[in-house]
Structure formats: C-alpha cells, structure tokens
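**Student:** This is upload_8.cif, which holds mmCIF, C-alpha atoms:
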```cif
data_input
loop_
_atom_site.label_atom_id
_atom_site.label_comp_id
_atom_site.auth_asym_id
_atom_site.auth_seq_id
_atom_site.Cartn_x
_atom_site.Cartn_y
_atom_site.Cartn_z
CA MET A 1 58.25 34.16 42.74
CA SER A 2 61.19 36.52 42.41
CA ALA A 3 60.77 39.82 40.64
CA ALA A 4 63.24 38.73 38.00
CA TYR A 5 61.26 35.65 37.03
CA PRO A 6 58.69 37.33 34.75
CA SER A 7 61.48 39.19 32.98
CA LEU A 8 63.34 35.97 32.36
CA VAL A 9 60.19 34.37 31.03
CA ALA A 10 59.60 37.31 28.72
CA LEU A 11 63.20 37.17 27.55
CA ALA A 12 62.93 33.44 26.91
CA VAL A 13 59.72 33.89 24.97
CA SER A 14 61.23 36.71 22.93
CA LEU A 15 64.32 34.66 22.15
CA ALA A 16 62.21 31.67 21.20
CA SER A 17 60.11 33.84 18.91
CA ALA A 18 63.20 35.39 17.36
CA VAL A 19 64.82 31.99 16.80
CA ALA A 20 61.61 30.67 15.29
CA ALA A 21 61.36 33.71 13.02
CA ILE A 22 64.95 33.36 11.87
CA ALA A 23 64.54 29.63 11.38
CA GLY A 24 61.51 30.31 9.26
CA GLY A 25 63.32 32.88 7.20
CA GLN A 26 60.97 35.61 8.48
CA THR A 27 63.16 38.66 8.36
CA ALA A 28 62.30 42.23 7.46
CA GLU A 29 64.02 44.42 4.90
CA PRO A 30 67.03 46.27 6.35
CA GLN A 31 65.45 49.66 5.73
CA VAL A 32 62.28 48.54 7.48
CA LEU A 33 64.28 47.31 10.44
CA GLU A 34 66.16 50.60 10.59
CA LYS A 35 62.91 52.56 10.70
CA LEU A 36 61.56 50.24 13.37
CA ARG A 37 64.70 50.69 15.43
CA ALA A 38 64.27 54.45 15.27
CA LEU A 39 60.64 54.16 16.33
CA GLY A 40 61.66 51.79 19.10
CA ARG A 41 64.13 54.34 20.40
CA ALA A 42 61.44 57.02 20.35
CA SER A 43 59.01 54.92 22.37
CA ALA A 44 61.59 53.27 24.62
CA GLY A 45 60.88 55.70 27.42
CA VAL A 46 57.19 54.90 27.47
CA THR A 47 56.39 52.80 30.51
CA THR A 48 52.74 53.68 31.01
CA MET A 49 50.05 55.34 28.97
CA ARG A 50 46.55 56.68 29.50
CA ALA A 51 44.22 57.77 26.72
CA HIS A 52 40.61 58.24 25.79
CA PHE A 53 39.60 55.77 23.10
CA GLU A 54 36.86 55.64 20.51
CA GLN A 55 36.21 52.31 18.84
CA THR A 56 34.16 51.74 15.74
CA LYS A 57 33.50 48.25 14.50
CA HIS A 58 32.23 47.79 10.97
CA LEU A 59 30.16 44.62 10.83
CA SER A 60 30.40 42.90 7.51
CA ILE A 61 27.36 40.68 8.00
CA VAL A 62 24.89 43.50 8.51
CA LYS A 63 26.77 46.45 7.04
CA ASP A 64 26.30 48.34 10.26
CA VAL A 65 28.63 49.80 12.87
CA LEU A 66 29.07 49.42 16.61
CA ARG A 67 30.71 52.11 18.65
CA SER A 68 32.25 52.16 22.10
CA SER A 69 34.43 54.53 24.04
CA GLY A 70 36.21 54.88 27.33
CA THR A 71 39.65 55.05 28.89
CA PHE A 72 42.66 52.98 27.95
CA LEU A 73 45.45 52.27 30.43
CA LEU A 74 48.70 50.55 29.58
CA ASP A 75 51.59 49.33 31.66
CA LYS A 76 54.41 48.22 29.43
CA ARG A 77 55.22 45.40 31.85
CA GLY A 78 52.25 43.57 30.38
CA ARG A 79 49.03 45.05 31.70
CA VAL A 80 46.29 46.72 29.72
CA ALA A 81 42.93 47.95 30.98
CA TRP A 82 40.03 49.03 28.82
CA ASP A 83 37.47 50.94 30.87
CA VAL A 84 34.54 50.99 28.51
CA THR A 85 32.01 53.68 29.41
CA GLU A 86 29.84 53.57 26.31
CA PRO A 87 27.62 51.83 25.39
CA GLU A 88 27.74 49.86 28.66
CA PRO A 89 30.20 50.32 31.51
CA ILE A 90 32.60 47.41 31.71
CA ARG A 91 36.25 46.99 32.61
CA VAL A 92 38.36 44.61 30.60
CA LEU A 93 41.77 43.80 32.00
CA ILE A 94 44.36 42.00 29.94
CA THR A 95 47.44 40.63 31.63
CA ARG A 96 49.80 37.74 31.15
CA ASP A 97 47.47 35.77 33.39
CA GLY A 98 44.57 36.17 31.01
CA VAL A 99 41.67 38.47 30.25
CA PHE A 100 39.38 39.62 33.02
CA ALA A 101 36.06 41.37 32.66
CA ALA A 102 34.22 42.84 35.58
CA GLY A 103 31.53 45.08 34.21
CA LYS A 104 29.51 47.21 36.53
CA ARG A 105 26.21 45.40 36.75
CA VAL A 106 23.16 47.30 35.72
CA ALA A 107 21.50 46.02 38.90
CA GLY A 108 22.31 43.51 41.59
CA GLY A 109 24.54 40.52 41.11
CA ALA A 110 27.74 39.43 42.70
CA GLY A 111 29.83 41.26 40.15
CA ALA A 112 32.75 38.94 40.66
CA PRO A 113 35.47 39.18 38.03
CA ALA A 114 34.98 36.70 35.26
CA ALA A 115 38.24 35.09 34.23
CA LEU A 116 38.31 34.38 30.55
CA SER A 117 40.85 32.64 28.45
CA PRO A 118 43.41 34.95 26.91
CA LEU A 119 41.99 36.64 23.90
CA PRO A 120 44.17 35.47 21.04
CA MET A 121 43.71 38.68 19.16
CA LEU A 122 44.74 40.86 22.07
CA GLU A 123 47.65 38.62 22.97
CA GLY A 124 49.27 39.78 19.80
CA LEU A 125 48.28 43.40 20.16
CA ASN A 126 49.24 44.39 23.68
CA GLY A 127 52.83 44.99 22.73
CA ILE A 128 51.89 47.17 19.79
CA PHE A 129 49.90 49.62 21.89
CA ALA A 130 53.11 50.51 23.73
CA GLY A 131 54.81 51.40 20.49
CA VAL A 132 56.52 49.58 17.65
CA SER A 133 60.14 48.53 17.52
CA GLU A 134 62.45 46.10 15.82
CA ALA A 135 60.77 43.35 17.82
CA THR A 136 57.52 44.08 16.00
CA ALA A 137 59.04 42.50 12.89
CA VAL A 138 59.38 39.22 14.73
CA ASP A 139 55.63 38.75 15.05
CA PHE A 140 54.50 40.75 12.02
CA GLU A 141 55.46 41.39 8.46
CA VAL A 142 55.87 45.17 8.47
CA ARG A 143 55.25 47.57 5.63
CA PHE A 144 55.55 51.34 5.91
CA LEU A 145 52.70 53.15 4.16
CA ALA A 146 54.13 56.51 5.24
CA SER A 147 56.62 57.69 7.79
CA ASP A 148 53.91 57.57 10.44
CA ARG A 149 51.76 54.73 9.07
CA LEU A 150 52.52 51.01 9.20
CA ARG A 151 50.68 47.98 7.97
CA LEU A 152 51.30 44.79 9.92
CA THR A 153 50.49 41.26 8.84
CA PRO A 154 50.67 38.54 11.50
CA ARG A 155 53.29 35.88 10.90
CA SER A 156 51.61 33.50 13.34
CA PRO A 157 48.89 31.42 11.69
CA ARG A 158 47.08 31.37 15.02
CA LEU A 159 46.87 35.14 15.25
CA ALA A 160 46.12 35.36 11.53
CA GLU A 161 42.96 33.36 12.13
CA TRP A 162 41.58 36.37 13.98
CA VAL A 163 43.43 39.38 12.55
CA SER A 164 44.47 39.58 8.94
CA HIS A 165 46.06 43.04 8.97
CA ILE A 166 46.70 45.89 11.40
CA GLU A 167 47.27 49.45 10.30
CA ILE A 168 48.78 51.90 12.74
CA ARG A 169 49.24 55.62 12.64
CA LEU A 170 51.84 56.91 15.06
CA GLY A 171 51.88 60.26 16.79
CA GLY A 172 53.53 62.38 19.43
CA GLU A 173 57.18 62.57 20.37
CA ALA A 174 57.09 58.99 21.58
CA ARG A 175 55.73 57.82 18.24
CA ILE A 176 53.08 55.65 19.83
CA PRO A 177 49.95 54.41 18.06
CA ILE A 178 47.14 56.94 18.01
CA ASP A 179 44.99 55.30 15.34
CA VAL A 180 44.74 51.54 14.96
CA ARG A 181 42.76 49.67 12.34
CA LEU A 182 42.20 45.93 12.78
CA GLU A 183 41.07 43.92 9.80
CA GLU A 184 39.59 40.49 10.50
CA PRO A 185 39.59 37.63 8.01
CA GLY A 186 35.80 37.64 7.96
CA GLY A 187 35.68 41.23 6.76
CA ASP A 188 34.96 43.03 10.02
CA VAL A 189 37.08 46.12 10.63
CA THR A 190 37.68 47.78 13.99
CA GLU A 191 39.07 51.30 14.17
CA ILE A 192 40.47 52.52 17.46
CA ALA A 193 41.36 56.16 17.93
CA PHE A 194 43.37 57.20 20.98
CA ARG A 195 42.99 60.81 22.02
CA ASP A 196 44.13 62.94 24.96
CA VAL A 197 47.09 60.64 25.26
CA VAL A 198 49.16 60.97 28.42
CA VAL A 199 52.55 59.28 28.37
CA ASN A 200 54.00 57.88 31.60
CA PRO A 201 51.23 58.84 34.01
CA PRO A 202 51.62 57.32 37.47
CA LEU A 203 49.59 54.09 37.41
CA ASP A 204 49.70 51.83 40.42
CA ASP A 205 48.35 48.32 40.83
CA ALA A 206 44.92 49.67 41.68
CA ALA A 207 44.67 51.05 38.17
CA PHE A 208 44.80 47.51 36.87
CA ALA A 209 42.65 45.84 39.48
CA PRO A 210 39.94 43.62 37.97
CA MET B 1 27.97 20.67 31.11
CA THR B 2 29.16 23.34 33.50
CA SER B 3 26.81 25.99 34.82
CA ARG B 4 28.78 28.57 32.88
CA ARG B 5 28.30 26.68 29.65
CA SER B 6 24.65 26.18 30.50
CA LEU B 7 24.23 29.88 31.02
CA LEU B 8 25.99 30.64 27.77
CA ALA B 9 23.80 28.14 25.98
CA ALA B 10 20.69 29.63 27.54
CA SER B 11 21.84 33.10 26.60
CA LEU B 12 22.45 32.13 23.02
CA LEU B 13 19.21 30.27 22.84
CA LEU B 14 17.36 33.25 24.20
CA CYS B 15 19.14 35.51 21.79
CA ALA B 16 18.33 33.22 18.95
CA ALA B 17 14.74 33.01 19.99
CA ALA B 18 14.50 36.73 20.31
CA CYS B 19 15.92 37.22 16.87
CA HIS B 20 13.64 34.58 15.51
CA ARG B 21 10.96 37.19 15.46
CA ALA B 22 13.36 39.51 13.75
CA ALA B 23 13.76 36.91 11.06
CA ARG B 24 10.05 36.26 10.85
CA PRO B 25 8.41 39.65 10.75
CA VAL B 26 4.93 40.35 11.91
CA THR B 27 2.63 42.34 9.70
CA PRO B 28 -0.24 43.77 11.67
CA GLN B 29 -3.01 44.36 9.21
CA GLY B 30 -5.65 45.86 11.38
CA ALA B 31 -8.42 44.05 13.14
CA ILE B 32 -8.55 40.26 12.89
CA ARG B 33 -12.12 39.12 12.58
CA SER B 34 -11.88 35.34 12.73
CA GLY B 35 -9.72 32.46 13.80
CA GLU B 36 -9.17 31.49 10.18
CA GLU B 37 -7.90 34.97 9.44
CA ALA B 38 -5.53 34.79 12.42
CA ALA B 39 -4.18 31.41 11.28
CA ALA B 40 -3.66 32.69 7.75
CA HIS B 41 -1.86 35.73 9.11
CA VAL B 42 0.54 33.57 11.15
CA ALA B 43 1.16 31.25 8.19
CA ALA B 44 1.92 34.12 5.81
CA ARG B 45 4.35 36.04 7.93
CA ASP B 46 7.54 34.58 6.42
CA VAL B 47 6.54 34.76 2.82
CA ASP B 48 7.68 38.28 2.04
CA THR B 49 11.04 38.20 3.78
CA ARG B 50 13.72 36.47 1.73
CA THR B 51 16.66 38.06 3.53
CA LEU B 52 16.84 39.99 6.75
CA ARG B 53 19.56 41.79 8.64
CA ALA B 54 19.20 43.09 12.17
CA THR B 55 21.38 44.66 14.82
CA PHE B 56 20.28 44.70 18.41
CA LYS B 57 21.19 45.26 22.03
CA LEU B 58 20.42 42.50 24.47
CA VAL B 59 20.34 42.41 28.24
CA LEU B 60 20.61 39.01 29.87
CA ARG B 61 19.11 38.63 33.33
CA ARG B 62 20.63 35.75 35.27
CA PRO B 63 19.00 33.69 38.02
CA ASP B 64 21.04 35.58 40.65
CA GLY B 65 19.49 38.85 39.52
CA SER B 66 22.57 40.17 37.78
CA LYS B 67 22.39 41.59 34.30
CA GLU B 68 24.78 41.66 31.42
CA ALA B 69 24.47 43.73 28.29
CA SER B 70 25.80 42.76 24.89
CA ARG B 71 25.12 43.62 21.30
CA GLY B 72 24.49 41.39 18.37
CA ALA B 73 23.83 41.09 14.69
CA VAL B 74 22.06 38.49 12.60
CA VAL B 75 21.61 37.93 8.91
CA VAL B 76 19.24 35.36 7.47
CA ALA B 77 19.01 34.20 3.85
CA ARG B 78 16.24 31.75 3.31
CA PRO B 79 15.86 28.91 3.11
CA ASP B 80 18.91 27.54 4.90
CA ARG B 81 21.59 30.11 5.70
CA LEU B 82 22.08 32.25 8.75
CA ARG B 83 24.86 34.06 10.59
CA LEU B 84 24.64 35.30 14.17
CA GLN B 85 27.25 37.31 16.05
CA ILE B 86 27.32 38.44 19.68
CA PHE B 87 29.64 41.22 20.80
CA SER B 88 30.99 41.79 24.28
CA PHE B 89 33.21 44.45 25.86
CA GLY B 90 31.90 47.06 23.46
CA VAL B 91 32.92 45.66 20.10
CA VAL B 92 34.72 42.35 20.66
CA THR B 93 33.18 39.42 18.82
CA ALA B 94 32.43 36.82 21.48
CA TYR B 95 30.33 34.38 19.46
CA ASP B 96 30.02 33.82 15.74
CA TYR B 97 27.56 31.22 14.45
CA THR B 98 27.12 30.23 10.82
CA ALA B 99 24.68 27.74 9.33
CA ASN B 100 24.81 26.85 5.67
CA GLY B 101 22.61 23.97 4.56
CA GLU B 102 23.48 20.98 6.68
CA ARG B 103 26.76 22.43 7.94
CA TYR B 104 27.50 24.80 10.79
CA ARG B 105 30.45 26.58 12.34
CA ILE B 106 30.76 28.10 15.81
CA ARG B 107 33.64 30.45 16.60
CA GLU B 108 34.36 31.85 20.05
CA PRO B 109 37.23 34.30 19.70
CA LEU B 110 37.48 34.91 23.44
CA SER B 111 38.72 31.37 23.91
CA GLY B 112 40.13 30.89 20.45
CA ALA B 113 37.74 28.01 19.95
CA GLN B 114 36.20 26.95 16.68
CA ARG B 115 33.90 24.03 15.96
CA VAL B 116 32.61 22.83 12.62
CA GLY B 117 29.99 20.14 12.23
CA ARG B 118 26.99 18.79 10.43
CA PHE B 119 23.45 18.91 11.67
CA ASP B 120 22.82 15.36 10.56
CA ALA B 121 25.63 14.12 12.83
CA ALA B 122 25.06 13.21 16.50
CA GLY B 123 24.61 16.33 18.59
CA ASP B 124 24.81 17.37 22.22
CA GLU B 125 21.51 16.32 23.66
CA GLY B 126 22.30 18.22 26.86
CA ASP B 127 21.54 21.56 25.23
CA VAL B 128 18.01 22.61 24.46
CA LEU B 129 18.79 22.85 20.78
CA GLY B 130 22.39 21.65 20.68
CA ASP B 131 24.25 23.41 17.90
CA ASP B 132 21.24 23.68 15.66
CA LEU B 133 19.74 27.16 15.78
CA ARG B 134 17.93 26.74 12.49
CA PRO B 135 14.53 26.04 14.03
CA LEU B 136 14.65 29.46 15.67
CA PHE B 137 15.71 31.45 12.64
CA LEU B 138 14.67 29.36 9.69
CA ALA B 139 11.34 28.08 10.87
CA PRO B 140 10.13 24.88 9.23
CA MET B 141 6.67 24.69 7.79
CA PRO B 142 4.04 23.41 10.21
CA SER B 143 3.51 19.68 9.82
CA ALA B 144 -0.25 19.99 10.23
CA ALA B 145 -3.02 22.56 9.94
CA PRO B 146 -3.00 24.91 12.94
CA ALA B 147 -5.58 24.76 15.66
CA VAL B 148 -7.15 28.07 16.62
CA ARG B 149 -9.09 29.04 19.70
CA ASP B 150 -10.52 32.28 21.00
CA GLY B 151 -8.51 33.77 23.84
CA GLY B 152 -10.64 36.83 24.58
CA ASP B 153 -8.87 39.83 23.10
CA ARG B 154 -6.64 37.54 21.00
CA TYR B 155 -6.65 34.38 18.97
CA LEU B 156 -4.37 31.53 19.98
CA VAL B 157 -2.94 29.80 16.91
CA ALA B 158 -1.24 26.49 17.74
CA SER B 159 0.95 24.79 15.17
CA GLN B 160 3.10 21.69 15.27
CA SER B 161 6.54 21.33 13.70
CA PRO B 162 9.60 19.17 14.32
CA GLU B 163 10.86 21.70 16.87
CA GLY B 164 7.73 21.26 18.99
CA ARG B 165 4.42 23.01 19.44
CA ARG B 166 4.19 26.76 19.00
CA ILE B 167 1.32 28.95 20.13
CA ALA B 168 1.09 32.38 18.58
CA GLU B 169 -1.20 34.93 20.23
CA VAL B 170 -2.67 37.30 17.66
CA SER B 171 -4.26 40.53 18.83
CA LYS B 172 -7.82 40.87 17.55
CA ARG B 173 -7.53 44.62 17.59
CA SER B 174 -4.21 45.17 15.78
CA GLY B 175 -3.46 41.84 14.11
CA ALA B 176 0.00 41.85 15.70
CA ILE B 177 1.49 38.64 17.02
CA GLU B 178 2.11 39.82 20.55
CA ARG B 179 3.35 36.66 22.17
CA GLU B 180 4.57 33.21 21.25
CA THR B 181 5.11 30.16 23.42
CA LEU B 182 7.23 27.20 22.37
CA LEU B 183 6.31 23.99 24.11
CA VAL B 184 7.90 20.58 24.34
CA GLY B 185 5.13 18.24 25.37
CA ASP B 186 2.98 20.36 27.61
CA SER B 187 5.89 22.29 29.08
CA PRO B 188 6.59 25.80 27.86
CA ARG B 189 10.27 26.13 26.97
CA LEU B 190 10.28 29.66 25.63
CA VAL B 191 7.94 32.60 25.98
CA ILE B 192 8.55 35.47 23.58
CA GLU B 193 6.72 38.78 23.88
CA TYR B 194 6.81 41.41 21.15
CA GLY B 195 6.30 45.14 21.41
CA ASP B 196 7.27 48.56 20.11
CA PHE B 197 6.08 47.80 16.58
CA ARG B 198 7.38 50.17 13.95
CA ASP B 199 7.10 50.35 10.21
CA VAL B 200 10.04 48.94 8.24
CA ASP B 201 9.58 49.24 4.50
CA GLY B 202 5.85 48.91 4.85
CA VAL B 203 6.03 46.00 7.26
CA SER B 204 5.41 46.38 10.98
CA MET B 205 8.33 44.94 12.95
CA PRO B 206 8.82 44.52 16.71
CA PHE B 207 11.70 46.52 18.14
CA ALA B 208 11.23 45.28 21.72
CA ILE B 209 11.42 41.57 22.30
CA ASP B 210 11.36 39.95 25.74
CA VAL B 211 12.22 36.31 26.05
CA THR B 212 11.96 34.09 29.11
CA LEU B 213 12.90 30.51 29.80
CA PRO B 214 10.24 29.34 32.26
CA GLY B 215 11.64 27.61 35.29
CA ARG B 216 15.23 28.56 34.60
CA GLY B 217 15.23 32.09 35.95
CA VAL B 218 16.85 33.46 32.85
CA SER B 219 15.41 36.11 30.59
CA LEU B 220 16.55 38.35 27.83
CA ALA B 221 15.43 41.78 26.73
CA VAL B 222 16.23 42.58 23.12
CA ALA B 223 16.08 46.09 21.73
CA VAL B 224 16.42 46.01 17.97
CA SER B 225 18.23 49.03 16.62
CA ARG B 226 17.89 48.33 12.93
CA TYR B 227 16.24 45.98 10.44
CA VAL B 228 17.03 45.68 6.76
CA ARG B 229 14.76 43.49 4.66
CA ASN B 230 15.22 41.85 1.29
CA VAL B 231 18.53 43.32 0.27
CA PRO B 232 21.04 41.08 -1.51
CA VAL B 233 23.25 39.18 0.91
CA ASP B 234 26.82 38.21 0.03
CA ALA B 235 26.94 34.42 -0.12
CA GLY B 236 30.48 34.62 1.21
CA LEU B 237 29.13 35.49 4.65
CA PHE B 238 28.00 31.91 5.02
CA GLU B 239 31.06 30.17 3.59
CA PHE B 240 33.52 28.36 5.81
#
```
Would you encode the structure as structure tokens?
**Tutor:**
Amino acid sequence: MSAAYPSLVALAVSLASAVAAIAGGQTAEPQVLEKLRALGRASAGVTTMRAHFEQTKHLSIVKDVLRSSGTFLLDKRGRVAWDVTEPEPIRVLITRDGVFAAGKRVAGGAGAPAALSPLPMLEGLNGIFAGVSEATAVDFEVRFLASDRLRLTPRSPRLAEWVSHIEIRLGGEARIPIDVRLEEPGGDVTEIAFRDVVVNPPLDDAAFAP
Amino acid sequence: MTSRRSLLAASLLLCAAACHRAARPVTPQGAIRSGEEAAAHVAARDVDTRTLRATFKLVLRRPDGSKEASRGAVVVARPDRLRLQIFSFGVVTAYDYTANGERYRIREPLSGAQRVGRFDAAGDEGDVLGDDLRPLFLAPMPSAAPAVRDGGDRYLVASQSPEGRRIAEVSKRSGAIERETLLVGDSPRLVIEYGDFRDVDGVSMPFAIDVTLPGRGVSLAVAVSRYVRNVPVDAGLFEF
C-alpha cells in the first residue's frame, strides 16, 4: 500500500461526511465556524501529544464513581494509546484498524493483543483529542459556552446512541482539549482531565505498539 | 459459539453469580443451633432487601492461567428489575444488561452491539443461562421445603427451584452462609464462597466472593467496594 493511500481514504471520508452534512442541511452558524477556524489554526501544528490523564466515571445506576489514570499518547495521523496505570495496568490502542487491548497480566497468560471491534464512541472522539477545527462542525453540532469551552452534540445517530454530549475545555497555545466531559444517553458521565501536556513529543511506532 | 463468546458468557455468568450474593445478603445472627433454624435463616435472607446497589472489582482467571481485572456495578429492584454493568480499560462500559419484567436488553458498546428480547421467547440453549440472568439476581422462591443435613461445623440446606438445586452451607458458629453450590442434576455448576463479612446498615454482607465453574477452569474473585441497601431506585434505569 502506498503511503498516499491512507491520506486519500481520509480525504474521501472527509468529503463524504461533508457532502452528507451539507445535504442534510447540517451547517454551523458563521460565527461558530469562524471561531472553529481560529482554533483549527492554533492546533494545526499539533502532530503528536503526550499527557497524563485522570478519568472519573460517574455511574448513574449506583451513584458511585470509578477512577482511572495513566498516560495518553496521540498521533494525529490516527493513532491513540491509553496506557492505564490505575486501577489496573492495561494498554488500549485505537487506530483506524480497530481497538487493541493488551493489558499486562497480573500473572501468567499469553498476553497476546486482543483485537476488538472499533469502539463506536472513540471512533468519533479521536479527532477531537487533537484539537477542534472547522471540520468538527461536520460531525457535531457545536456551541461555545465560553471562549475556551465548547459543547458538542453528535450529528450521527450511531454515535449519539453512545454519547449524547461532549464538553471540552481548551488550553495552552495550541488550544487543545485539557478537560473533556462525555455524557452518555443512559446518564453516565465521564470526565477526562489531561495534565502535564507535551505537544509534539517524538513518538515512533513503538509508542503505539499493541 | 466461539471460545471467546463462551469465555465471555462464563465471565458474565460468574459475575452474575458472584453478585447474586450481593443481591441476597446474608445476615449472620450468631450461633445456629438446629437445622430448622439454618433453613429459616436461608429462607429469610431476601426479605429485608427491596433494593440493592453494589460496585465491585472482579478478577477473572482463565483456563490458561491468565487473569483479567474489570470493575462492575449492579442494581436490583425486586421483584423483577435488575441492571448490571461491567467496565473495562479503566472506565469504559463493556457490558450493560437490563432486565425489566419479561423483557431484557444487552448492550456491548465495544462492538456497538445491542440486543433486546423477551425471556418467554426461545433462547440460546448453548449458554448456561442464555440471556436470562434473573435466577442469579432475582432468586425465585423454592418450589419445595428445603432439606437440611448436618455437615459437621455447618448445616447444609438444600432447596429446589426452577434454576436447579442449591445447597447453602450455614456456619453453626456464626450463622453466615459461607458457601453455596448450584447443581443441575447431580453436577455442580457453580460454587460460590463468601468471606470478609462486614456490617452494612446493620446487616452483615460479604465483601469477598469467590466463584468457580467446576470442570471449566474458570473462576472469578469479586471484591465488593460498596453496598447500598433499600434506597429508592430510579425506575428509568430499567427502561428501554
């Protein structure tokens, strides 16, 4: 496969999404698009990212919370790795080929990577972690709550089955997400806080190995 | 059914079985002096718990010796509603099961799959319980008076219900139900051991639950982190 092939596929998918959005009359307000363009310019130089993350999930069924933390790695070409260290070590890799989980076994076991079907929720989120832009309005209805806070509502019914709203707080010169809040239709809420963010660290293929 | 699906089914079954105790609390009441007293104790254990919420950590041990840790939550509203969720990768919902009367829904966000059905429709006989987890969480009343025998330091209380035969082992010294075995015919299908009893609103509850599937090489260790008993439960949690 030539190196250009994935880019062409991505372009085709983007164009198809844009055409579908236009055909469906899903356009954002001009002032919203202008703000998104500005944010897109600010984050355009971001190609990779590394951050510590803290996740808190509020469980609606038991009114309790789950917490996890670890390291987040992002390659804007379409690779994301979540190295969860707490509560249990596990690596979750999300690429265009799917979602892979290869947790460090507590004891024994083959430990072979387990290929899972793409996580619908994360399919729609990978792009957001790299920063928002005009393209964000294609997949989401965008509302600015403040200059650094956005509320996104999925346009895709498929994604909306799993995520009802996403709130993002942007930070740093690159205006990338540092706080993300995911609201699920069932009432669960996941808050992700990115800290110690490093923009454009050198990340080779080994950083995204399953 | 693939081995992966079988393992998932076994895992969920084990989880459900482990939480069954969470939904059916034990109330040690001190020394048990007779078989009749042990049988009455087993029969009365569900009476005081109308709703129950629990969160827990579970470690699945596979036949190849590997282990996998997850977390979960369950809420039960008697007589016929329950919701069970299993979380992987830290906080990602991997399995979401709802039963409401005769209807159920299973969602698996990792694959984007969702299945809705009725318990009175034909099920998958290949699974131990198919899609019906009610017998594990919403235990039916025994169909006959229990049989009790002396097991040395414990009483063995055997009861029959549509799900099969269940033998509860009641400690003579503490009154705690320390072990239960679910049998189909004469074959044990599940063995559940309870430990680390702590007081929850005046009721002693097990915080350590070990479940094994005899002959299948799969076991599950459940560490309950929190119980909440008899608080109002939003009916919307069970709607779909």
**Student:** Could you jot down the CA of Arg96 in chain A to CA of Glu108 in chain B separation for me, Å, one decimal place?
**Tutor:** 19.9 Å
**Student:** Select, from A:Phe53, A:Trp162, A:Phe72, A:Phe144, the residue with the minimum atom-to-atom distance to chain B, counting only C-alpha atoms.
**Tutor:**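 Among A:Phe53, A:Trp162, A:Phe72, A:Phe144, it is A:Trp162 that comes nearest to chain B.
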**Student:** Need the shell around range 194-202 of chain B: protein/DNA/RNA residues with any atom at most 8 Å away, counting all atoms listed in the file. Skip same-chain ones fewer than 4 positions apart. Format as a CSV table (one decimal) with C-alpha atoms, in the frame of the given file?
**Tutor:**
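Output contents, as saved in out_14.csv:
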```csv
chain,number,residue,atom,x,y,z
B,177,ILE,CA,1.5,38.6,17.0
B,178,GLU,CA,2.1,39.8,20.6
B,179,ARG,CA,3.4,36.7,22.2
B,206,PRO,CA,8.8,44.5,16.7
B,207,PHE,CA,11.7,46.5,18.1
B,208,ALA,CA,11.2,45.3,21.7
B,209,ILE,CA,11.4,41.6,22.3
B,210,ASP,CA,11.4,40.0,25.7
B,227,TYR,CA,16.2,46.0,10.4
B,228,VAL,CA,17.0,45.7,6.8
B,229,ARG,CA,14.8,43.5,4.7
```
**Student:** At a cut-off of 6 Å, which residues of chain B touch chain A? Count only C-alpha atoms and give the answer as a short mmCIF file (atom, residue, chain, number, x, y, z; two decimals) with C-alpha atoms, keeping the file's coordinate frame.
**Tutor:**
```cif
data_model
loop_
_atom_site.label_atom_id
_atom_site.label_comp_id
_atom_site.auth_asym_id
_atom_site.auth_seq_id
_atom_site.Cartn_x
_atom_site.Cartn_y
_atom_site.Cartn_z
CA ARG B 53 19.56 41.79 8.64
CA GLY B 65 19.49 38.85 39.52
CA SER B 66 22.57 40.17 37.78
CA LYS B 67 22.39 41.59 34.30
CA GLY B 90 31.90 47.06 23.46
CA LEU B 110 37.48 34.91 23.44
CA SER B 111 38.72 31.37 23.91
#
```
**Student:** Can you tell me, as a PyMOL selection string, what residues are no more than 7 Å from range 125-141 of chain A when counting all atoms listed in the file, ignoring any on the same chain fewer than 4 positions away?
**Tutor:** chain A and resi 17-18+21+28+33+36-37+39-40+43+76+121+152-156+175-177
**Student:** Pull C-alpha atoms from the residues just selected and write them as a compact mmCIF listing (two decimals), in the frame of the given file.
**Tutor:**
```
# COMPACT_ATOMS: atom_id res chain seq x y z
CA SER A 17 60.11 33.84 18.91
CA ALA A 18 63.20 35.39 17.36
CA ALA A 21 61.36 33.71 13.02
CA ALA A 28 62.30 42.23 7.46
CA LEU A 33 64.28 47.31 10.44
CA LEU A 36 61.56 50.24 13.37
CA ARG A 37 64.70 50.69 15.43
CA LEU A 39 60.64 54.16 16.33
CA GLY A 40 61.66 51.79 19.10
CA SER A 43 59.01 54.92 22.37
CA LYS A 76 54.41 48.22 29.43
CA MET A 121 43.71 38.68 19.16
CA LEU A 152 51.30 44.79 9.92
CA THR A 153 50.49 41.26 8.84
CA PRO A 154 50.67 38.54 11.50
CA ARG A 155 53.29 35.88 10.90
CA SER A 156 51.61 33.50 13.34
CA ARG A 175 55.73 57.82 18.24
CA ILE A 176 53.08 55.65 19.83
CA PRO A 177 49.95 54.41 18.06
```
